file protein.txt (compact mmCIF, C-alpha atoms)
# COMPACT_ATOMS: atom_id res chain seq x y z
CA MET A 1054 5.53 46.04 7.75
CA ARG A 1055 2.14 46.57 9.36
CA VAL A 1056 2.47 47.90 12.92
CA GLY A 1057 -0.18 48.00 15.61
CA VAL A 1058 0.39 50.59 18.32
CA LEU A 1059 -1.02 49.97 21.81
CA VAL A 1060 -1.64 53.01 23.99
CA SER A 1061 -3.24 53.94 27.30
CA GLY A 1062 -3.05 57.72 27.37
CA SER A 1063 -1.76 60.79 25.65
CA GLY A 1064 0.27 58.95 23.04
CA SER A 1065 3.03 61.46 22.40
CA ASN A 1066 5.25 58.62 21.20
CA LEU A 1067 2.40 57.52 18.94
CA GLN A 1068 2.42 61.06 17.52
CA ALA A 1069 6.15 60.85 16.83
CA ILE A 1070 5.57 57.55 15.01
CA LEU A 1071 2.66 58.98 12.99
CA ASP A 1072 4.71 62.05 12.10
CA ALA A 1073 7.61 59.87 10.97
CA ALA A 1074 5.25 57.79 8.84
CA ALA A 1075 3.84 60.96 7.26
CA ALA A 1076 7.40 62.08 6.50
CA SER A 1077 8.20 58.68 4.95
CA ALA A 1078 10.80 58.17 7.68
CA LEU A 1079 9.60 54.75 8.86
CA GLY A 1080 11.02 52.77 5.95
CA GLY A 1081 8.42 50.22 4.96
CA ALA A 1082 6.51 50.46 8.25
CA THR A 1083 2.93 51.69 8.37
CA VAL A 1084 0.66 52.10 11.37
CA ALA A 1085 -2.24 49.76 10.64
CA VAL A 1086 -4.23 50.38 13.81
CA VAL A 1087 -4.04 52.07 17.20
CA ILE A 1088 -5.63 50.27 20.13
CA SER A 1089 -6.25 51.90 23.51
CA ASN A 1090 -7.26 49.97 26.61
CA ARG A 1091 -8.79 53.17 27.95
CA PRO A 1092 -11.59 55.13 26.32
CA GLY A 1093 -11.41 58.86 25.71
CA VAL A 1094 -7.66 59.25 25.64
CA LYS A 1095 -5.86 61.74 23.44
CA ALA A 1096 -4.05 59.00 21.52
CA ILE A 1097 -7.37 58.07 19.89
CA GLU A 1098 -7.72 61.62 18.59
CA ARG A 1099 -4.15 61.58 17.30
CA ALA A 1100 -4.85 58.41 15.31
CA GLY A 1101 -8.02 59.91 13.86
CA ALA A 1102 -6.23 63.09 12.85
CA ALA A 1103 -3.66 60.98 11.01
CA GLY A 1104 -6.34 58.93 9.26
CA VAL A 1105 -5.41 55.76 11.16
CA GLU A 1106 -8.06 53.42 12.52
CA ALA A 1107 -8.38 53.55 16.30
CA LEU A 1108 -10.08 51.03 18.57
CA VAL A 1109 -10.83 50.93 22.26
CA ILE A 1110 -10.52 47.51 23.85
CA ASP A 1111 -11.17 48.16 27.50
CA HIS A 1112 -9.43 45.62 29.74
CA ARG A 1113 -12.15 46.16 32.37
CA ALA A 1114 -14.68 44.57 30.01
CA PHE A 1115 -12.95 41.19 30.25
CA ALA A 1116 -13.07 38.59 32.99
CA SER A 1117 -9.38 37.76 32.76
CA ARG A 1118 -6.15 39.04 31.30
CA ASP A 1119 -6.19 36.06 28.97
CA ASP A 1120 -9.58 37.07 27.57
CA PHE A 1121 -8.42 40.67 27.16
CA GLU A 1122 -5.29 39.57 25.34
CA ARG A 1123 -7.26 37.23 23.08
CA ALA A 1124 -9.39 40.20 22.02
CA LEU A 1125 -6.26 42.27 21.35
CA VAL A 1126 -4.71 39.49 19.29
CA GLU A 1127 -7.90 39.00 17.26
CA ALA A 1128 -8.20 42.70 16.51
CA LEU A 1129 -4.57 42.92 15.43
CA ALA A 1130 -4.67 39.71 13.40
CA ALA A 1131 -7.82 40.88 11.58
CA ARG A 1132 -5.79 43.87 10.39
CA GLN A 1133 -2.77 41.79 9.33
CA VAL A 1134 -0.58 43.40 11.98
CA GLU A 1135 2.90 41.86 12.09
CA TRP A 1136 4.64 43.98 14.72
CA VAL A 1137 3.31 45.60 17.88
CA ALA A 1138 4.71 48.80 19.36
CA LEU A 1139 3.73 49.74 22.90
CA ALA A 1140 3.53 53.51 23.40
CA GLY A 1141 2.61 54.27 26.98
CA PHE A 1142 0.54 51.09 27.19
CA MET A 1143 0.07 50.51 30.91
CA ARG A 1144 -0.87 46.82 31.04
CA LEU A 1145 1.62 44.00 31.47
CA LEU A 1146 1.34 41.51 28.61
CA GLY A 1147 1.28 37.77 29.26
CA ALA A 1148 1.82 34.49 27.45
CA ARG A 1149 -1.36 34.72 25.35
CA PHE A 1150 -0.31 37.95 23.70
CA LEU A 1151 3.44 37.44 23.59
CA GLY A 1152 2.99 33.94 22.20
CA ALA A 1153 0.90 35.30 19.34
CA PHE A 1154 3.46 38.00 18.49
CA SER A 1155 6.54 36.13 19.56
CA GLY A 1156 9.62 38.36 19.33
CA ARG A 1157 7.62 41.06 17.52
CA VAL A 1158 6.55 43.30 20.39
CA VAL A 1159 8.62 46.36 21.30
CA ASN A 1160 8.30 49.01 23.99
CA ILE A 1161 9.88 52.32 24.90
CA HIS A 1162 10.77 53.08 28.50
CA PRO A 1163 11.98 56.40 29.98
CA SER A 1164 15.17 55.16 31.65
CA LEU A 1165 18.48 53.61 30.75
CA LEU A 1166 17.44 50.07 31.54
CA PRO A 1167 18.25 47.94 33.49
CA ALA A 1168 18.14 50.95 35.84
CA PHE A 1169 14.70 52.11 36.97
CA PRO A 1170 12.18 49.72 35.42
CA GLY A 1171 8.49 50.11 36.11
CA VAL A 1172 6.43 53.21 36.75
CA HIS A 1173 7.75 56.69 37.51
CA ALA A 1174 11.17 55.90 36.07
CA GLN A 1175 12.16 59.57 35.89
CA ALA A 1176 11.23 60.15 39.55
CA GLN A 1177 13.17 57.01 40.48
CA ALA A 1178 16.21 58.37 38.64
CA LEU A 1179 16.00 61.73 40.41
CA ALA A 1180 15.56 60.10 43.81
CA HIS A 1181 18.59 57.91 43.21
CA GLY A 1182 20.62 60.93 42.16
CA VAL A 1183 21.92 59.73 38.80
CA LYS A 1184 23.62 62.27 36.53
CA VAL A 1185 22.85 60.50 33.25
CA ALA A 1186 19.32 59.40 32.39
CA GLY A 1187 17.71 58.39 29.11
CA CYS A 1188 15.35 56.06 27.32
CA THR A 1189 15.36 52.51 26.01
CA VAL A 1190 13.58 50.70 23.19
CA HIS A 1191 13.46 46.98 23.94
CA PHE A 1192 11.79 43.75 23.00
CA VAL A 1193 8.96 42.91 25.36
CA ASP A 1194 9.02 39.78 27.47
CA GLU A 1195 6.85 38.81 30.42
CA GLY A 1196 8.91 40.84 32.89
CA THR A 1197 8.59 44.53 33.62
CA ASP A 1198 10.94 46.25 31.15
CA THR A 1199 13.34 43.30 31.17
CA GLY A 1200 13.50 42.28 27.49
CA PRO A 1201 16.55 42.58 25.20
CA ILE A 1202 17.57 46.17 24.48
CA ILE A 1203 17.47 47.43 20.88
CA ALA A 1204 18.52 51.06 21.34
CA GLN A 1205 19.14 53.63 24.06
CA ALA A 1206 19.69 57.37 24.20
CA ALA A 1207 21.24 59.28 27.10
CA VAL A 1208 20.47 62.74 28.46
CA PRO A 1209 22.13 64.69 31.27
CA VAL A 1210 20.37 65.20 34.59
CA ARG A 1211 20.75 68.80 35.72
CA ASP A 1212 21.06 69.89 39.34
CA ASP A 1213 17.82 71.86 39.23
CA ASP A 1214 15.77 69.19 37.45
CA ASP A 1215 12.37 68.23 38.73
CA GLU A 1216 10.39 65.31 37.38
CA ASP A 1217 8.73 67.41 34.66
CA ALA A 1218 11.95 68.92 33.39
CA LEU A 1219 13.76 65.60 33.26
CA SER A 1220 10.77 63.85 31.69
CA ALA A 1221 10.59 66.47 28.93
CA ARG A 1222 14.29 66.11 28.13
CA ILE A 1223 13.97 62.32 27.96
CA LEU A 1224 10.75 62.53 25.93
CA ALA A 1225 12.48 64.53 23.20
CA GLU A 1226 14.92 61.62 22.82
CA GLU A 1227 12.09 59.07 22.91
CA HIS A 1228 10.46 60.83 19.99
CA ARG A 1229 13.65 60.50 17.96
CA LEU A 1230 14.55 56.97 19.03
CA TYR A 1231 11.30 55.05 18.62
CA PRO A 1232 10.64 55.91 14.92
CA ARG A 1233 14.27 55.14 14.14
CA VAL A 1234 13.98 51.66 15.68
CA LEU A 1235 10.72 50.97 13.81
CA ARG A 1236 12.49 51.88 10.58
CA TRP A 1237 15.35 49.49 11.43
CA LEU A 1238 12.81 46.75 12.09
CA ALA A 1239 11.02 47.47 8.80
CA GLU A 1240 14.35 47.29 7.01
CA GLY A 1241 15.03 43.89 8.57
CA ARG A 1242 18.25 45.15 10.14
CA VAL A 1243 17.62 44.22 13.77
CA VAL A 1244 19.52 41.04 14.59
CA ARG A 1245 19.00 39.41 17.97
CA GLU A 1246 21.46 36.99 19.58
CA GLY A 1247 20.27 36.13 23.06
CA ARG A 1248 20.23 39.39 25.01
CA ARG A 1249 22.46 41.21 22.51
CA VAL A 1250 20.78 43.03 19.66
CA MET A 1251 22.74 44.27 16.66
CA ILE A 1252 21.75 46.68 13.90
CA ALA A 1253 23.01 45.24 10.60
CA GLY A 1254 24.28 47.38 7.71
CA MET B 218 43.04 69.59 50.17
CA ARG B 219 45.33 66.63 50.88
CA VAL B 220 44.15 63.50 49.11
CA GLY B 221 45.20 59.93 49.76
CA VAL B 222 44.73 57.55 46.84
CA LEU B 223 44.13 53.85 47.52
CA VAL B 224 45.04 51.40 44.77
CA SER B 225 45.34 47.67 44.16
CA GLY B 226 46.77 47.42 40.67
CA SER B 227 47.82 49.32 37.60
CA GLY B 228 46.50 52.66 38.75
CA SER B 229 45.64 54.27 35.43
CA ASN B 230 43.13 56.49 37.21
CA LEU B 231 45.88 57.37 39.69
CA GLN B 232 47.98 58.41 36.69
CA ALA B 233 45.18 60.65 35.42
CA ILE B 234 44.98 62.28 38.85
CA LEU B 235 48.77 62.74 39.06
CA ASP B 236 48.82 64.21 35.54
CA ALA B 237 46.04 66.61 36.44
CA ALA B 238 47.92 67.65 39.59
CA ALA B 239 51.09 68.27 37.53
CA ALA B 240 49.04 70.39 35.14
CA SER B 241 47.57 72.38 38.05
CA ALA B 242 44.13 71.08 37.05
CA LEU B 243 43.12 69.73 40.48
CA GLY B 244 42.32 73.10 42.05
CA GLY B 245 43.72 73.05 45.56
CA ALA B 246 43.97 69.25 45.71
CA THR B 247 47.33 67.52 46.09
CA VAL B 248 48.07 63.81 46.29
CA ALA B 249 49.69 63.39 49.69
CA VAL B 250 50.20 59.63 49.55
CA VAL B 251 49.38 56.55 47.50
CA ILE B 252 48.64 53.34 49.39
CA SER B 253 48.43 49.93 47.77
CA ASN B 254 47.12 46.83 49.52
CA ARG B 255 49.17 44.75 47.11
CA PRO B 256 52.96 44.85 46.72
CA GLY B 257 54.67 45.23 43.35
CA VAL B 258 51.85 46.89 41.46
CA LYS B 259 52.41 49.47 38.76
CA ALA B 260 50.58 52.16 40.71
CA ILE B 261 53.51 52.26 43.16
CA GLU B 262 55.87 53.05 40.28
CA ARG B 263 53.54 55.74 39.00
CA ALA B 264 53.55 57.45 42.38
CA GLY B 265 57.34 57.28 42.57
CA ALA B 266 57.72 58.74 39.08
CA ALA B 267 55.52 61.66 40.15
CA GLY B 268 57.48 62.23 43.35
CA VAL B 269 54.58 61.14 45.55
CA GLU B 270 55.11 58.93 48.58
CA ALA B 271 53.86 55.37 48.11
CA LEU B 272 53.18 52.77 50.78
CA VAL B 273 52.20 49.14 50.70
CA ILE B 274 49.80 48.09 53.45
CA ASP B 275 49.07 44.46 52.65
CA HIS B 276 45.67 43.39 53.92
CA ARG B 277 46.96 39.82 54.22
CA ALA B 278 49.28 40.94 57.00
CA PHE B 279 46.33 41.73 59.29
CA ALA B 280 44.18 39.37 61.31
CA SER B 281 40.96 41.24 60.56
CA ARG B 282 39.54 43.87 58.26
CA ASP B 283 39.23 46.13 61.25
CA ASP B 284 42.99 45.86 61.94
CA PHE B 285 43.79 46.48 58.28
CA GLU B 286 41.56 49.53 58.21
CA ARG B 287 43.06 50.88 61.42
CA ALA B 288 46.49 50.72 59.77
CA LEU B 289 45.17 52.54 56.70
CA VAL B 290 43.58 55.24 58.83
CA GLU B 291 46.75 55.72 60.87
CA ALA B 292 48.92 56.01 57.76
CA LEU B 293 46.56 58.53 56.19
CA ALA B 294 46.10 60.54 59.38
CA ALA B 295 49.88 60.73 59.88
CA ARG B 296 50.06 62.48 56.50
CA GLN B 297 47.18 64.88 57.26
CA VAL B 298 45.03 63.33 54.55
CA GLU B 299 41.53 64.85 54.45
CA TRP B 300 39.96 63.08 51.45
CA VAL B 301 40.42 59.54 50.16
CA ALA B 302 40.06 58.59 46.50
CA LEU B 303 39.80 54.91 45.59
CA ALA B 304 41.36 54.12 42.23
CA GLY B 305 40.95 50.46 41.45
CA PHE B 306 41.13 49.59 45.15
CA MET B 307 39.69 46.09 45.36
CA ARG B 308 38.80 45.83 49.07
CA LEU B 309 35.41 46.72 50.51
CA LEU B 310 35.74 49.31 53.26
CA GLY B 311 33.91 48.97 56.54
CA ALA B 312 32.82 51.04 59.48
CA ARG B 313 36.31 51.56 60.90
CA PHE B 314 37.58 53.28 57.78
CA LEU B 315 34.40 55.02 56.69
CA GLY B 316 33.80 56.31 60.20
CA ALA B 317 37.26 57.89 60.24
CA PHE B 318 36.75 59.58 56.85
CA SER B 319 33.02 60.08 57.08
CA GLY B 320 31.64 61.45 53.81
CA ARG B 321 35.16 62.04 52.49
CA VAL B 322 35.79 58.84 50.53
CA VAL B 323 35.08 58.71 46.80
CA ASN B 324 35.38 55.96 44.20
CA ILE B 325 35.17 55.59 40.44
CA HIS B 326 33.28 52.68 38.92
CA PRO B 327 33.14 51.65 35.23
CA SER B 328 29.37 51.60 34.80
CA LEU B 329 26.42 53.95 34.92
CA LEU B 330 25.39 53.05 38.45
CA PRO B 331 23.01 51.78 39.75
CA ALA B 332 23.42 49.42 36.78
CA PHE B 333 26.20 46.82 37.04
CA PRO B 334 27.82 47.30 40.44
CA GLY B 335 30.65 45.04 41.55
CA VAL B 336 33.37 43.37 39.53
CA HIS B 337 33.51 43.01 35.73
CA ALA B 338 31.03 45.85 35.21
CA GLN B 339 31.90 46.19 31.53
CA ALA B 340 31.37 42.47 30.89
CA GLN B 341 28.06 42.67 32.80
CA ALA B 342 26.99 45.54 30.55
CA LEU B 343 27.88 43.64 27.38
CA ALA B 344 26.11 40.49 28.56
CA HIS B 345 23.00 42.51 29.35
CA GLY B 346 23.10 44.12 25.92
CA VAL B 347 22.95 47.79 26.91
CA LYS B 348 23.62 50.39 24.23
CA VAL B 349 24.86 53.11 26.57
CA ALA B 350 27.56 52.44 29.17
CA GLY B 351 29.79 54.76 31.16
CA CYS B 352 31.40 55.51 34.48
CA THR B 353 30.41 56.93 37.84
CA VAL B 354 32.22 58.84 40.58
CA HIS B 355 30.40 58.37 43.87
CA PHE B 356 30.73 58.71 47.59
CA VAL B 357 31.64 55.43 49.23
CA ASP B 358 29.36 53.77 51.74
CA GLU B 359 29.44 50.25 53.12
CA GLY B 360 27.65 48.77 50.12
CA THR B 361 29.19 47.73 46.83
CA ASP B 362 29.10 50.85 44.63
CA THR B 363 25.89 52.06 46.27
CA GLY B 364 26.85 55.52 47.60
CA PRO B 365 25.48 58.88 46.37
CA ILE B 366 26.53 59.71 42.81
CA ILE B 367 28.65 62.81 42.18
CA ALA B 368 29.20 62.59 38.43
CA GLN B 369 28.69 60.25 35.50
CA ALA B 370 29.82 60.11 31.89
CA ALA B 371 28.19 58.03 29.16
CA VAL B 372 29.73 56.25 26.19
CA PRO B 373 28.07 54.29 23.37
CA VAL B 374 28.32 50.52 23.22
CA ARG B 375 29.11 49.41 19.66
CA ASP B 376 27.80 46.23 18.09
CA ASP B 377 31.30 44.79 17.67
CA ASP B 378 32.52 45.69 21.16
CA ASP B 379 34.30 43.13 23.28
CA GLU B 380 35.18 43.70 26.93
CA ASP B 381 38.55 45.26 26.08
CA ALA B 382 37.16 47.71 23.53
CA LEU B 383 34.33 48.83 25.78
CA SER B 384 36.62 49.06 28.82
CA ALA B 385 39.05 51.28 26.90
CA ARG B 386 36.26 53.63 25.79
CA ILE B 387 34.95 53.90 29.35
CA LEU B 388 38.45 54.33 30.78
CA ALA B 389 39.08 57.39 28.61
CA GLU B 390 36.03 58.98 30.25
CA GLU B 391 37.14 57.87 33.72
CA HIS B 392 40.44 59.69 33.21
CA ARG B 393 38.58 62.90 32.43
CA LEU B 394 35.89 62.56 35.08
CA TYR B 395 37.83 61.66 38.22
CA PRO B 396 40.27 64.64 38.22
CA ARG B 397 37.35 66.97 37.49
CA VAL B 398 35.46 65.69 40.54
CA LEU B 399 38.52 66.02 42.76
CA ARG B 400 38.84 69.62 41.61
CA TRP B 401 35.18 70.25 42.47
CA LEU B 402 35.75 68.75 45.91
CA ALA B 403 38.86 70.91 46.45
CA GLU B 404 36.86 73.96 45.44
CA GLY B 405 34.18 73.08 48.00
CA ARG B 406 31.50 72.98 45.32
CA VAL B 407 30.12 69.49 45.96
CA VAL B 408 26.86 69.79 47.91
CA ARG B 409 25.17 66.63 49.15
CA GLU B 410 21.49 66.43 50.07
CA GLY B 411 20.62 62.83 50.88
CA ARG B 412 21.26 60.85 47.74
CA ARG B 413 21.30 63.91 45.49
CA VAL B 414 24.61 65.63 44.91
CA MET B 415 24.83 69.08 43.37
CA ILE B 416 27.80 70.99 41.99
CA ALA B 417 27.57 74.60 43.18
CA GLY B 418 28.59 77.57 41.08

call {"tool": "encode", "arguments": {"input": "protein.txt", "output": "structure tokens"}}
result
Amino acid sequence: MRVGVLVSGSGSNLQAILDAAAASALGGATVAVVISNRPGVKAIERAGAAGVEALVIDHRAFASRDDFERALVEALAARQVEWVALAGFMRLLGARFLGAFSGRVVNIHPSLLPAFPGVHAQAQALAHGVKVAGCTVHFVDEGTDTGPIIAQAAVPVRDDDDEDALSARILAEEHRLYPRVLRWLAEGRVVREGRRVMIAG
Amino acid sequence: MRVGVLVSGSGSNLQAILDAAAASALGGATVAVVISNRPGVKAIERAGAAGVEALVIDHRAFASRDDFERALVEALAARQVEWVALAGFMRLLGARFLGAFSGRVVNIHPSLLPAFPGVHAQAQALAHGVKVAGCTVHFVDEGTDTGPIIAQAAVPVRDDDDEDALSARILAEEHRLYPRVLRWLAEGRVVREGRRVMIAG
């Protein structure tokens, strides 16, 4: 299973995926290419260090989202990418992209969706005062973090948490959860029935 | 701390509270009275078996919610009740009641709020396809399950769960969580700052 990873920044989840691949913990999944919509980000370095091709496709170079997405699709298709994993990719994807990779785009989000979609999920959780937070791997649809949920992990919120402390606790779970889901996908075990997603076997 | 418990049905959370009181696990909290808005429910029997006074105040006997709530407040005040715990009480409370017990009404809800407020929370969670569910003890305000969160407990959702199986798993956590929160309240350890609630000590 050839996976393309889309990033916009540091790419710590990308690193967890690359580490899992190096440890043969991704089943039959391999990272075929990393694409960043922003130049100069650390994720590019991480790909290089792992011997994975990295591209920058800067959304600002395109007249429309459709044109940007066409370029993404062409770059991924040229590398025989079958599945796309978003890892801190900060652009909403539209019909052009999601049509090309229908049902084969996944994302990780730092909340227990459907609570706290969108940006600054950890700060939203703290402001709301929840006592359990977490992360979610989900299929991507055209909404903001609204697609069917594949897996979630919970962490406690502590009374003295600030955004950094809570984010770090959630991130540790993200780094475990995302490679595990990619392995399930590579093993063909992820079964989707409407909004409910089952892991076979 | 004299607690009044409001119920509408079976009262399994009431039973957990009564059991905790019998085991001296509620700190200084005692159940002073149980009030049901519906006659003939099992919660009334549970109170009787524990030697706790039980009343029926049927909302249908009152011309308005305000009149119903005035009767509730009078019954509770006559028994020197200081805190009110809702345990499957299926009426929304308004300004009359919440004004009388300002900041001293708590509820338990079978979801990880803010996800899935309102009725059939477990079925909502299954339909949405979440992988982590749970329960929440929160202060009551005039919204539906919107008040500041005191405590939450998480449970996994399993691929073969139906509403009954998930509800039972959540209920086991409810029965642990609610008495614990009442003990914290009796010990004066629950500190509220806006929407954030801390447990001191």

call {"tool": "atom_distance", "arguments": {"input": "protein.txt", "atom1": "CA of Val1250 (chain A)", "atom2": "CA of Leu343 (chain B)"}}
result
10.5 Å

call {"tool": "closest_residue", "arguments": {"input": "protein.txt", "among": "A:Ala1168, A:Ala1076, A:Leu1238, A:Leu1230", "to": "chain B", "atoms": "all atoms listed in the file"}}
result
A:Ala1168

call {"tool": "residues_near_point", "arguments": {"input": "protein.txt", "point": "(44.4, 59.1, 48.2)", "cutoff": "12 Å", "atoms": "only C-alpha atoms", "output": "PDB file with C-alpha atoms, in the frame of the given file"}}
result
ATOM      1  CA  MET B 218      43.040  69.590  50.170  1.00  0.00           C
ATOM      2  CA  ARG B 219      45.330  66.630  50.880  1.00  0.00           C
ATOM      3  CA  VAL B 220      44.150  63.500  49.110  1.00  0.00           C
ATOM      4  CA  GLY B 221      45.200  59.930  49.760  1.00  0.00           C
ATOM      5  CA  VAL B 222      44.730  57.550  46.840  1.00  0.00           C
ATOM      6  CA  LEU B 223      44.130  53.850  47.520  1.00  0.00           C
ATOM      7  CA  VAL B 224      45.040  51.400  44.770  1.00  0.00           C
ATOM      8  CA  GLY B 228      46.500  52.660  38.750  1.00  0.00           C
ATOM      9  CA  ASN B 230      43.130  56.490  37.210  1.00  0.00           C
ATOM     10  CA  LEU B 231      45.880  57.370  39.690  1.00  0.00           C
ATOM     11  CA  ILE B 234      44.980  62.280  38.850  1.00  0.00           C
ATOM     12  CA  LEU B 235      48.770  62.740  39.060  1.00  0.00           C
ATOM     13  CA  ALA B 246      43.970  69.250  45.710  1.00  0.00           C
ATOM     14  CA  THR B 247      47.330  67.520  46.090  1.00  0.00           C
ATOM     15  CA  VAL B 248      48.070  63.810  46.290  1.00  0.00           C
ATOM     16  CA  ALA B 249      49.690  63.390  49.690  1.00  0.00           C
ATOM     17  CA  VAL B 250      50.200  59.630  49.550  1.00  0.00           C
ATOM     18  CA  VAL B 251      49.380  56.550  47.500  1.00  0.00           C
ATOM     19  CA  ILE B 252      48.640  53.340  49.390  1.00  0.00           C
ATOM     20  CA  SER B 253      48.430  49.930  47.770  1.00  0.00           C
ATOM     21  CA  ALA B 260      50.580  52.160  40.710  1.00  0.00           C
ATOM     22  CA  ALA B 264      53.550  57.450  42.380  1.00  0.00           C
ATOM     23  CA  VAL B 269      54.580  61.140  45.550  1.00  0.00           C
ATOM     24  CA  GLU B 270      55.110  58.930  48.580  1.00  0.00           C
ATOM     25  CA  ALA B 271      53.860  55.370  48.110  1.00  0.00           C
ATOM     26  CA  LEU B 272      53.180  52.770  50.780  1.00  0.00           C
ATOM     27  CA  LEU B 289      45.170  52.540  56.700  1.00  0.00           C
ATOM     28  CA  VAL B 290      43.580  55.240  58.830  1.00  0.00           C
ATOM     29  CA  ALA B 292      48.920  56.010  57.760  1.00  0.00           C
ATOM     30  CA  LEU B 293      46.560  58.530  56.190  1.00  0.00           C
ATOM     31  CA  ALA B 294      46.100  60.540  59.380  1.00  0.00           C
ATOM     32  CA  ARG B 296      50.060  62.480  56.500  1.00  0.00           C
ATOM     33  CA  GLN B 297      47.180  64.880  57.260  1.00  0.00           C
ATOM     34  CA  VAL B 298      45.030  63.330  54.550  1.00  0.00           C
ATOM     35  CA  GLU B 299      41.530  64.850  54.450  1.00  0.00           C
ATOM     36  CA  TRP B 300      39.960  63.080  51.450  1.00  0.00           C
ATOM     37  CA  VAL B 301      40.420  59.540  50.160  1.00  0.00           C
ATOM     38  CA  ALA B 302      40.060  58.590  46.500  1.00  0.00           C
ATOM     39  CA  LEU B 303      39.800  54.910  45.590  1.00  0.00           C
ATOM     40  CA  ALA B 304      41.360  54.120  42.230  1.00  0.00           C
ATOM     41  CA  GLY B 305      40.950  50.460  41.450  1.00  0.00           C
ATOM     42  CA  PHE B 306      41.130  49.590  45.150  1.00  0.00           C
ATOM     43  CA  PHE B 318      36.750  59.580  56.850  1.00  0.00           C
ATOM     44  CA  ARG B 321      35.160  62.040  52.490  1.00  0.00           C
ATOM     45  CA  VAL B 322      35.790  58.840  50.530  1.00  0.00           C
ATOM     46  CA  VAL B 323      35.080  58.710  46.800  1.00  0.00           C
ATOM     47  CA  ASN B 324      35.380  55.960  44.200  1.00  0.00           C
ATOM     48  CA  LEU B 399      38.520  66.020  42.760  1.00  0.00           C
TER      49      LEU B 399
END

call {"tool": "closest_atom_pairs", "arguments": {"input": "protein.txt", "of": "chain B", "to": "chain A", "cutoff": "6 Å", "atoms": "all atoms listed in the file", "output": "tab-separated table"}}
result
residue	atom	partner	partner_atom	distance
B:Ala332	CA	A:Ala1168	CA	5.6
B:Gly346	CA	A:Arg1249	CA	4.5
B:Lys348	CA	A:Gln1205	CA	5.5
B:Ala368	CA	A:Lys1184	CA	5.9
B:Gln369	CA	A:Lys1184	CA	5.6
B:Asp376	CA	A:Met1251	CA	5.6
B:Arg412	CA	A:Gly1182	CA	5.6
B:Arg413	CA	A:Gly1182	CA	4.5
B:Met415	CA	A:Asp1212	CA	5.6

call {"tool": "closest_residue", "arguments": {"input": "protein.txt", "among": "A:Arg1118, A:Ala1131, A:Asp1194, A:Gln1177", "to": "Ser1155 (chain A)", "atoms": "only C-alpha atoms"}}
result
A:Asp1194

call {"tool": "atom_distance", "arguments": {"input": "protein.txt", "atom1": "CA of Arg406 (chain B)", "atom2": "CA of Glu391 (chain B)"}}
result
19.9 Å

call {"tool": "atom_distance", "arguments": {"input": "protein.txt", "atom1": "CA of Gly1062 (chain A)", "atom2": "CA of Ala1074 (chain A)"}}
result
20.3 Å

call {"tool": "closest_residue", "arguments": {"input": "protein.txt", "among": "A:Arg1099, A:Ser1077, A:Gly1254, A:Arg1222", "to": "Trp1237 (chain A)", "atoms": "all atoms listed in the file"}}
result
A:Gly1254

call {"tool": "closest_residue", "arguments": {"input": "protein.txt", "among": "A:Tyr1231, A:Gly1147, A:Glu1216, A:Ile1161", "to": "Glu1195 (chain A)", "atoms": "all atoms listed in the file"}}
result
A:Gly1147

call {"tool": "closest_residue", "arguments": {"input": "protein.txt", "among": "A:Gly1241, A:Gly1196, A:Leu1146, A:Ser1061", "to": "Asp1111 (chain A)", "atoms": "only C-alpha atoms"}}
result
A:Ser1061

call {"tool": "decode", "arguments": {"input": "protein.txt", "residues": "region 279-288 of chain B", "atoms": "N, CA and C atoms", "output": "compact mmCIF listing (two decimals), in the first residue's frame"}}
result
# COMPACT_ATOMS: atom_id res chain seq x y z
N PHE B 279 -49.43 20.27 37.94
CA PHE B 279 -49.20 21.72 38.05
C PHE B 279 -49.51 22.42 36.74
N ALA B 280 -50.00 23.63 36.85
CA ALA B 280 -50.43 24.37 35.65
C ALA B 280 -49.23 24.85 34.84
N SER B 281 -48.10 25.04 35.50
CA SER B 281 -46.93 25.58 34.80
C SER B 281 -45.67 24.96 35.36
N ARG B 282 -44.59 25.07 34.60
CA ARG B 282 -43.31 24.60 35.11
C ARG B 282 -42.91 25.37 36.36
N ASP B 283 -43.22 26.65 36.35
CA ASP B 283 -42.87 27.48 37.50
C ASP B 283 -43.55 26.95 38.77
N ASP B 284 -44.85 26.59 38.65
CA ASP B 284 -45.56 26.06 39.82
C ASP B 284 -44.96 24.73 40.28
N PHE B 285 -44.64 23.89 39.31
CA PHE B 285 -44.02 22.59 39.62
C PHE B 285 -42.70 22.81 40.35
N GLU B 286 -41.91 23.73 39.84
CA GLU B 286 -40.59 23.95 40.44
C GLU B 286 -40.72 24.57 41.84
N ARG B 287 -41.74 25.41 42.01
CA ARG B 287 -41.95 25.99 43.35
C ARG B 287 -42.24 24.88 44.36
N ALA B 288 -43.04 23.89 43.92
CA ALA B 288 -43.36 22.77 44.81
C ALA B 288 -42.11 21.95 45.13
